[in-house]
Each structure stands twice: as structure tokens, then as C-alpha cells.
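As provided, entry-v4.cif (mmCIF, C-alpha atoms) reads as follows.
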data_input
#
loop_
_atom_site.label_atom_id
_atom_site.label_comp_id
_atom_site.auth_asym_id
_atom_site.auth_seq_id
_atom_site.Cartn_x
_atom_site.Cartn_y
_atom_site.Cartn_z
CA MET A 23 48.53 29.53 38.50
CA ASN A 24 49.61 32.47 36.35
CA ILE A 25 48.48 33.32 32.80
CA ALA A 26 51.51 31.62 31.26
CA ASP A 27 50.50 28.34 32.86
CA ILE A 28 46.94 28.71 31.56
CA ILE A 29 47.96 29.24 27.93
CA ASN A 30 50.74 26.66 28.00
CA PRO A 31 49.91 24.04 25.31
CA ALA A 32 51.03 21.33 27.71
CA ASN A 33 48.03 22.21 29.91
CA LEU A 34 45.51 22.03 27.07
CA VAL A 35 42.61 19.74 27.92
CA TYR A 36 40.20 20.42 25.06
CA GLU A 37 40.02 22.60 21.96
CA LYS A 38 37.53 23.11 19.17
CA THR A 39 38.22 20.94 16.15
CA LYS A 40 39.63 22.76 13.14
CA ILE A 41 36.84 21.25 11.03
CA MET A 42 34.33 23.60 12.71
CA ASN A 43 34.62 27.26 11.77
CA ASP A 44 33.76 30.31 13.89
CA THR A 45 30.34 30.98 12.36
CA PRO A 46 27.89 31.56 15.25
CA MET A 47 25.38 28.74 15.57
CA HIS A 48 21.87 29.77 14.57
CA TYR A 49 20.10 26.77 16.09
CA CYS A 50 17.52 27.22 18.83
CA PRO A 51 18.73 26.87 22.45
CA GLY A 52 18.87 23.20 23.42
CA CYS A 53 18.91 21.94 19.84
CA SER A 54 20.86 18.73 19.34
CA HIS A 55 22.18 19.67 15.89
CA GLY A 56 25.12 21.68 17.19
CA VAL A 57 26.38 18.82 19.35
CA VAL A 58 26.19 16.36 16.47
CA HIS A 59 27.98 18.84 14.19
CA LYS A 60 30.80 18.96 16.74
CA LEU A 61 31.05 15.19 16.88
CA ILE A 62 31.15 14.83 13.11
CA GLY A 63 33.88 17.46 12.91
CA GLU A 64 35.94 15.78 15.61
CA VAL A 65 35.69 12.37 13.96
CA ILE A 66 36.67 13.70 10.53
CA ASP A 67 39.61 15.54 12.10
CA GLU A 68 40.77 12.48 14.05
CA MET A 69 40.55 10.37 10.90
CA ASN A 70 42.53 13.03 9.01
CA MET A 71 39.86 13.01 6.29
CA GLN A 72 39.02 16.71 5.95
CA ASP A 73 40.19 16.91 2.33
CA LYS A 74 38.49 13.64 1.39
CA THR A 75 35.07 14.03 3.00
CA ILE A 76 31.88 15.01 1.18
CA GLY A 77 28.73 15.70 3.14
CA ILE A 78 25.27 15.68 1.60
CA ALA A 79 22.67 17.93 3.23
CA PRO A 80 19.05 18.11 2.03
CA VAL A 81 16.23 20.44 3.14
CA GLY A 82 15.21 21.24 6.72
CA CYS A 83 17.24 22.28 9.75
CA ALA A 84 19.88 19.74 8.68
CA VAL A 85 20.71 21.76 5.57
CA PHE A 86 22.66 24.36 7.54
CA ALA A 87 25.43 21.93 8.44
CA TYR A 88 27.43 23.36 5.55
CA LYS A 89 27.70 26.67 7.40
CA TYR A 90 29.74 25.22 10.23
CA LEU A 91 31.82 22.27 8.99
CA GLU A 92 34.77 23.01 6.70
CA ILE A 93 34.46 20.09 4.31
CA ASP A 94 33.08 19.72 0.81
CA TRP A 95 29.28 19.76 0.71
CA GLN A 96 26.55 19.15 -1.81
CA GLN A 97 22.93 20.07 -1.22
CA ALA A 98 20.25 17.64 -2.31
CA ALA A 99 16.58 18.21 -3.01
CA HIS A 100 14.27 17.35 -0.12
CA GLY A 101 14.65 13.65 0.69
CA ARG A 102 17.10 12.87 -2.08
CA ALA A 103 20.35 12.91 -0.09
CA PRO A 104 20.93 9.11 -0.26
CA ALA A 105 20.51 9.17 -4.04
CA LEU A 106 23.01 12.00 -4.41
CA ALA A 107 25.38 10.33 -1.96
CA THR A 108 25.17 7.17 -4.07
CA ALA A 109 26.33 9.06 -7.14
CA VAL A 110 29.14 10.84 -5.29
CA LYS A 111 30.49 7.66 -3.69
CA ARG A 112 30.37 5.68 -6.92
CA LEU A 113 32.18 8.43 -8.83
CA LEU A 114 34.69 9.07 -6.02
CA PRO A 115 35.03 5.73 -4.20
CA ASP A 116 38.00 6.86 -2.12
CA ARG A 117 35.97 9.62 -0.44
CA LEU A 118 34.21 9.52 2.89
CA VAL A 119 30.61 10.26 1.94
CA PHE A 120 27.81 10.81 4.42
CA THR A 121 24.33 12.28 4.50
CA TYR A 122 23.00 14.44 7.32
CA GLN A 123 19.20 14.23 7.48
CA GLY A 124 16.23 14.95 9.70
CA ASP A 125 13.26 12.64 10.24
CA GLY A 126 10.87 14.54 7.98
CA ASP A 127 13.42 14.38 5.18
CA LEU A 128 14.66 10.82 5.63
CA ALA A 129 11.48 9.06 6.76
CA ALA A 130 8.83 10.97 4.78
CA ILE A 131 9.60 12.51 1.41
CA GLY A 132 12.88 10.59 1.22
CA THR A 133 11.63 7.16 2.29
CA ALA A 134 12.12 5.59 -1.14
CA GLU A 135 15.62 6.99 -1.65
CA THR A 136 16.65 5.91 1.85
CA ILE A 137 15.31 2.37 1.57
CA HIS A 138 16.72 1.69 -1.88
CA ALA A 139 20.18 3.11 -1.12
CA CYS A 140 20.32 0.96 2.00
CA ASN A 141 18.99 -2.09 0.17
CA ARG A 142 21.72 -1.70 -2.46
CA GLY A 143 24.29 -1.46 0.31
CA GLU A 144 25.79 1.80 -0.90
CA ASN A 145 29.06 2.53 0.91
CA ILE A 146 27.82 5.66 2.61
CA ALA A 147 27.04 6.71 6.16
CA ILE A 148 23.68 8.22 7.08
CA ILE A 149 23.45 10.51 10.11
CA PHE A 150 19.77 10.67 11.02
CA ILE A 151 18.48 13.33 13.44
CA ASN A 152 15.13 12.20 14.87
CA ASN A 153 13.32 14.83 16.92
CA GLY A 154 9.87 13.51 16.07
CA ILE A 155 8.68 16.69 14.38
CA TYR A 156 9.15 19.00 11.40
CA GLY A 157 11.35 21.56 13.14
CA MET A 158 12.03 24.11 10.41
CA THR A 159 8.61 24.48 8.80
CA GLY A 160 6.35 25.02 11.78
CA GLY A 161 6.36 21.99 14.05
CA GLN A 162 4.08 19.72 12.02
CA MET A 163 3.62 16.03 12.76
CA ALA A 164 6.31 13.82 11.20
CA PRO A 165 6.41 10.08 10.49
CA THR A 166 8.35 9.68 13.73
CA THR A 167 5.95 11.71 15.91
CA ILE A 168 5.00 9.35 18.72
CA VAL A 169 1.45 8.48 19.75
CA GLY A 170 -0.11 11.28 21.78
CA MET A 171 2.62 13.78 20.91
CA LYS A 172 1.24 17.22 20.10
CA SER A 173 2.28 19.19 17.05
CA SER A 174 0.90 22.03 14.99
CA THR A 175 -0.99 19.51 12.83
CA SER A 176 -1.89 17.18 15.70
CA PRO A 177 -2.86 19.63 18.46
CA ASN A 178 -4.58 16.87 20.44
CA GLY A 179 -1.71 14.43 19.99
CA ARG A 180 -0.96 11.85 17.30
CA ASP A 181 -4.05 9.72 16.76
CA VAL A 182 -3.28 6.25 15.37
CA PRO A 183 -6.64 5.64 13.59
CA LEU A 184 -6.21 9.00 11.88
CA ALA A 185 -2.45 9.27 11.27
CA GLY A 186 -1.13 5.74 11.71
CA ASN A 187 1.68 4.55 13.95
CA PRO A 188 5.04 6.29 14.31
CA LEU A 189 7.57 4.94 11.84
CA ASP A 190 10.66 3.27 13.31
CA ILE A 191 12.63 3.70 10.12
CA THR A 192 15.99 2.62 11.57
CA SER A 193 14.62 -0.74 12.69
CA LEU A 194 13.14 -1.17 9.22
CA LEU A 195 16.45 -0.34 7.53
CA ALA A 196 18.33 -2.74 9.82
CA GLN A 197 16.46 -5.63 8.16
CA LEU A 198 17.97 -4.87 4.77
CA LYS A 199 20.93 -6.96 3.63
CA GLY A 200 22.81 -3.93 2.36
CA VAL A 201 22.94 -2.34 5.81
CA CYS A 202 26.01 -3.35 7.81
CA TYR A 203 25.46 -1.07 10.81
CA ALA A 204 22.33 0.46 12.31
CA THR A 205 22.46 2.08 15.71
CA ARG A 206 20.55 4.59 17.81
CA HIS A 207 21.93 7.10 20.28
CA ALA A 208 21.38 10.56 21.80
CA VAL A 209 23.47 13.55 22.91
CA HIS A 210 21.72 14.69 26.10
CA THR A 211 24.47 13.63 28.52
CA VAL A 212 28.25 13.39 28.42
CA ALA A 213 28.09 9.59 28.37
CA ALA A 214 25.57 9.65 25.53
CA VAL A 215 27.73 12.07 23.54
CA LYS A 216 30.73 9.73 23.83
CA LYS A 217 28.68 6.77 22.60
CA THR A 218 27.33 8.76 19.67
CA LYS A 219 30.81 9.88 18.64
CA LYS A 220 32.00 6.26 18.72
CA ALA A 221 29.05 5.24 16.54
CA ILE A 222 29.76 7.99 13.99
CA ARG A 223 33.39 6.90 13.83
CA GLN A 224 32.38 3.29 13.16
CA ALA A 225 29.90 4.34 10.48
CA PHE A 226 32.56 6.42 8.71
CA GLU A 227 35.11 3.61 8.89
CA ASN A 228 32.54 1.18 7.47
CA SER A 229 32.06 3.50 4.52
CA LEU A 230 35.77 3.63 3.77
CA GLN A 231 36.05 -0.16 4.12
CA ASN A 232 33.20 -0.76 1.65
CA LYS A 233 31.12 -2.74 4.13
CA GLY A 234 27.78 -1.32 2.98
CA THR A 235 25.45 1.29 4.38
CA SER A 236 25.65 2.50 7.97
CA ILE A 237 22.95 4.52 9.69
CA VAL A 238 23.39 6.37 12.97
CA GLU A 239 20.11 7.64 14.37
CA VAL A 240 20.37 10.38 16.99
CA VAL A 241 17.17 10.76 18.99
CA SER A 242 17.04 14.49 19.56
CA THR A 243 15.08 17.38 20.98
CA CYS A 244 13.32 20.32 19.34
CA SER A 245 12.64 22.77 22.13
CA SER A 246 10.91 25.31 19.91
CA GLY A 247 8.76 22.75 18.10
CA TRP A 248 7.90 20.95 21.32
CA LYS A 249 7.17 24.25 23.12
CA MET A 250 9.42 23.32 26.05
CA THR A 251 12.57 24.59 27.71
CA PRO A 252 15.80 22.77 26.78
CA VAL A 253 15.88 21.04 30.18
CA ASP A 254 12.26 19.95 29.95
CA SER A 255 12.85 18.77 26.38
CA ASN A 256 15.63 16.44 27.46
CA ASP A 257 13.48 15.02 30.25
CA TRP A 258 10.52 14.57 27.90
CA MET A 259 12.73 12.86 25.33
CA VAL A 260 14.03 10.36 27.88
CA ASP A 261 10.58 9.63 29.31
CA ASN A 262 8.66 9.47 26.05
CA MET A 263 10.86 9.02 22.99
CA PHE A 264 13.37 6.53 24.38
CA PRO A 265 10.70 3.87 25.04
CA GLU A 266 9.54 4.22 21.41
CA PHE A 267 13.08 4.45 20.00
CA PRO A 268 15.37 2.47 22.37
CA MET A 269 19.08 3.27 22.47
CA GLY A 270 21.76 0.89 21.22
CA ASP A 271 22.79 -1.18 18.21
CA LEU A 272 20.09 -2.67 16.02
CA LYS A 273 22.60 -4.30 13.68
CA ASN A 274 26.37 -4.48 13.70
CA GLU A 275 28.15 -6.64 11.15
#

Once you've parsed the file, please lay out its structure as C-alpha cells.
Amino acid sequence: MNIADIINPANLVYEKTKIMNDTPMHYCPGCSHGVVHKLIGEVIDEMNMQDKTIGIAPVGCAVFAYKYLEIDWQQAAHGRAPALATAVKRLLPDRLVFTYQGDGDLAAIGTAETIHACNRGENIAIIFINNGIYGMTGGQMAPTTIVGMKSSTSPNGRDVPLAGNPLDITSLLAQLKGVCYATRHAVHTVAAVKKTKKAIRQAFENSLQNKGTSIVEVVSTCSSGWKMTPVDSNDWMVDNMFPEFPMGDLKNE
């Protein structure tokens, strides 16, 4: 095969979506954020919604999504992304509006905003990155930190009598009448990536069809916060987080 064959568009198998720019990723090696960014960009591109999409990013590692995806963005105060998304979608009902949030943001300081937006059935999609830890601010215990999991504020592991049980916020949200779709996936394998992309697409379509709130939880790794290599992080996630946060649909209406 010569160089002309290689660059022939007819031989193209895969290319980076135009929604993602060329800014170098700053995320730690093995971080799941970059993969999810790619999937969101691909879905928006395939739906031809680049000019009609508004993403809401709050505080935490999730906030940097605006650096890499060429869509309109608004930044919310810590935890308040669903409230801001509510306002944006109600003012611009023809837009695809989604939030991109971590577990500390969505399930801790933003618990009230998340629950009430979902209970109202706002026509937004919530992309929820759950790595069981506060990744940006030093690896502290989060609401989703599982029992026995070590963090900078639980060096001996999460202790239930002291810190309570891990919060399965997606299962809680699935019980609300305003939620039309609640699902949980990961991006550690090719098969898992494909399932997650399909879930994001469904959540976005639900938003445009005014079906109510959709939430896509992505159980993720935080190699730096977990003090593991990327490979070990994936293995630990499968062995320890998946039993606590099982994959699949929790609600699909």
C-alpha cells in the first residue's frame, strides 16, 4: 500500500469528530473524562446539533469540558448545574441542553438541585461521572465513596458508622416521576464505550422530545486520587465499584 492509498478518503475508518478541538487533554493518564468527552462530541456531531447544543459545567474536573468541545457552554456554581440547565432549557426549548457533573458536585453540594430538577421532569440530560472520590481537590471521600475505600479523608477506608453508606444517587433519581431514563455504564472497554455512547444518544434525544429528565451515570476511574496505575484502576473499578453500582438501565420509559 502506498501513501496515496493511506490518505484516500475512501479508506478512512475513523476520524476525530469536528466537535472536539485540538487542545491537548490535561486529564491524568487513565482518566475517564476524555473518553466521555469524545462520546459526547460524536453524538452531537451525528445528531447535527453543534449550533443548538448548550452544555452546563459546574466546579471540579468536569468544569474543563468547555476547553475541548466546540459548543456553547455556561459554567454554574458548584452543584447548581441542573438549576442553570433548567433556566436555559425553559428559555430556549429548542436547544439540546445537558449538564456534565462529577459525583462530588451532583451528589453532595448539588443534591437538592439535582433531585428537584429531576422531580420536575426538566427536559435536560445529565451526564454524571462517578469515580467515587473528589478528584480535583485532593482525593477526599465523596458521597459515592464505597465502604472500605481509602481517600485522603478516610485513610483507613470509608467507615459506615462514621460516614454513612455510599449514596446510589442514580437509583434514587430513577424513582422520581419526572425521570424518563436512568442508566449506568462505563468506558473501560470497547464494548462498554459503545454502550455508553448509545445511552448518551438516547438521553439527548429524550431531551429534544420533551420526555423529561435523563441521567447517564458513567462509573469511572481516578488513577491519581486512587493512587493506582490506569490498568490497576480499571481492574479495581470492575471488582469493587461495579458490585456497588451495577451496569445497565435503571429506568427506561

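Atom CA of A:Ser174 is positioned 10.2 Å from atom CA of A:Thr159.
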
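The protein and nucleic acid residues lying at most 6 Å from stretch 93-97 of chain A are Gln72, Ile76, Gly77, Ile78, Ala79 and Pro80 of chain A, with only C-alpha atoms considered and sequence neighbours fewer than 4 positions away removed.
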
Hits from the PyMOL selection byres ((chain A and resi 154) around 7), listed as a PDB file with C-alpha atoms, in the coordinates of the input:
ATOM      1  CA  ASP A 125      13.260  12.640  10.240  1.00  0.00           C
ATOM      2  CA  ASN A 152      15.130  12.200  14.870  1.00  0.00           C
ATOM      3  CA  ASN A 153      13.320  14.830  16.920  1.00  0.00           C
ATOM      4  CA  ILE A 155       8.680  16.690  14.380  1.00  0.00           C
ATOM      5  CA  ALA A 164       6.310  13.820  11.200  1.00  0.00           C
ATOM      6  CA  THR A 166       8.350   9.680  13.730  1.00  0.00           C
ATOM      7  CA  THR A 167       5.950  11.710  15.910  1.00  0.00           C
ATOM      8  CA  ILE A 168       5.000   9.350  18.720  1.00  0.00           C
TER       9      ILE A 168
END

Test item: axis-aligned box, all listed atoms of stretch 143-146 of chain A, 4 Å on each side, centre and edges in Å rounded to one decimal, as AutoDock Vina command-line options:
--center_x 26.7 --center_y 2.1 --center_z 0.9 --size_x 12.8 --size_y 15.1 --size_z 11.5

Show me a table, sorted first by chain and then by increasing residue number, of the residues of stretch 65-127 of chain A having an atom at most 12 Å from stretch 139-145 of chain A, each with its shortest atom pair and the distance in Å to one decimal, counting all atoms listed in the file and written as JSON lines.
{"residue": "A:Arg102", "atom": "CA", "partner": "A:Ala139", "partner_atom": "CA", "distance": 10.3}
{"residue": "A:Ala103", "atom": "CA", "partner": "A:Ala139", "partner_atom": "CA", "distance": 9.9}
{"residue": "A:Pro104", "atom": "CA", "partner": "A:Ala139", "partner_atom": "CA", "distance": 6.1}
{"residue": "A:Ala105", "atom": "CA", "partner": "A:Ala139", "partner_atom": "CA", "distance": 6.7}
{"residue": "A:Leu106", "atom": "CA", "partner": "A:Ala139", "partner_atom": "CA", "distance": 9.9}
{"residue": "A:Ala107", "atom": "CA", "partner": "A:Glu144", "partner_atom": "CA", "distance": 8.6}
{"residue": "A:Thr108", "atom": "CA", "partner": "A:Glu144", "partner_atom": "CA", "distance": 6.3}
{"residue": "A:Ala109", "atom": "CA", "partner": "A:Glu144", "partner_atom": "CA", "distance": 9.6}
{"residue": "A:Val110", "atom": "CA", "partner": "A:Asn145", "partner_atom": "CA", "distance": 10.4}
{"residue": "A:Lys111", "atom": "CA", "partner": "A:Asn145", "partner_atom": "CA", "distance": 7.0}
{"residue": "A:Arg112", "atom": "CA", "partner": "A:Glu144", "partner_atom": "CA", "distance": 8.5}
{"residue": "A:Leu113", "atom": "CA", "partner": "A:Asn145", "partner_atom": "CA", "distance": 11.8}
{"residue": "A:Leu114", "atom": "CA", "partner": "A:Asn145", "partner_atom": "CA", "distance": 11.1}
{"residue": "A:Pro115", "atom": "CA", "partner": "A:Asn145", "partner_atom": "CA", "distance": 8.5}
{"residue": "A:Asp116", "atom": "CA", "partner": "A:Asn145", "partner_atom": "CA", "distance": 10.4}
{"residue": "A:Arg117", "atom": "CA", "partner": "A:Asn145", "partner_atom": "CA", "distance": 10.0}
{"residue": "A:Leu118", "atom": "CA", "partner": "A:Asn145", "partner_atom": "CA", "distance": 8.9}
{"residue": "A:Val119", "atom": "CA", "partner": "A:Asn145", "partner_atom": "CA", "distance": 8.0}
{"residue": "A:Phe120", "atom": "CA", "partner": "A:Asn145", "partner_atom": "CA", "distance": 9.1}
{"residue": "A:Thr121", "atom": "CA", "partner": "A:Asn145", "partner_atom": "CA", "distance": 11.4}

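Take atom CA of A:Tyr156 and atom CA of A:Ala204: the distance between them is 22.8 Å.
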
| For this file, the PyMOL selection byres ((chain A and resi 60) around 10) selects which residues, as a ChimeraX atom specification? | /A:38-39,41-42,55-59,61-65,90-91,219

| message | Could you check the closest approach to A:Ile66 for each of A:Thr205, A:Asn178, A:Ser193, A:Gln224 and tell me which residue wins, using all atoms listed in the file? | response | A:Gln224

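Going from atom CA of A:Met269 to atom CA of A:Ala208 covers 7.7 Å.
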
| field | Option closest in space to A:Trp258, from A:Asp271, A:Glu135, A:His210, A:Ile146 [counting only C-alpha atoms] | value |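 Under the stated criterion, the closest residue is A:His210.
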
| field | Test item: which residues lie within 9 Å of (6.5, 14.3, -1.3) counting only C-alpha atoms, as a list of chain:residue names | value |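 Within 9 Å of (6.5, 14.3, -1.3), the protein and nucleic acid residues are A:His100, A:Gly101, A:Ala130, A:Ile131, A:Gly132.
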
Each stretch 32-52 of chain A residue no farther than 12 Å from stretch 229-251 of chain A, nearest pair in Å, all atoms listed in the file, as a tab-separated table:
residue	atom	partner	partner_atom	distance
A:Tyr49	CA	A:Cys244	CA	9.9
A:Cys50	CA	A:Ser246	CA	7.0
A:Pro51	CA	A:Ser245	CA	7.3
A:Gly52	CA	A:Ser245	CA	6.4

| What do you get, as number ranges by chain, if you spell out every residue that the PyMOL selection byres ((chain A and resi 267) around 8) selects here? | A: 190, 206, 241, 263-266, 268-269

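Comparing A:Met69, A:Ala84, A:Ile222, A:Ala99 by their smallest distance to A:His48, the closest is A:Ala84 (using all atoms listed in the file).
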
| Nearest to A:Thr133 by atom-to-atom distance, counting all atoms listed in the file, from A:Val212, A:Cys53, A:Ile191, A:Ala221 |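 Answer, going by the shortest atom-to-atom distance: A:Ile191.
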
| query | Quick one: of A:Ile137, A:Thr175, A:Gly160, A:Ala214, who's nearest to A:Gly200, counting only C-alpha atoms? | reply |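 Closest to A:Gly200 of all the choices is A:Ile137.
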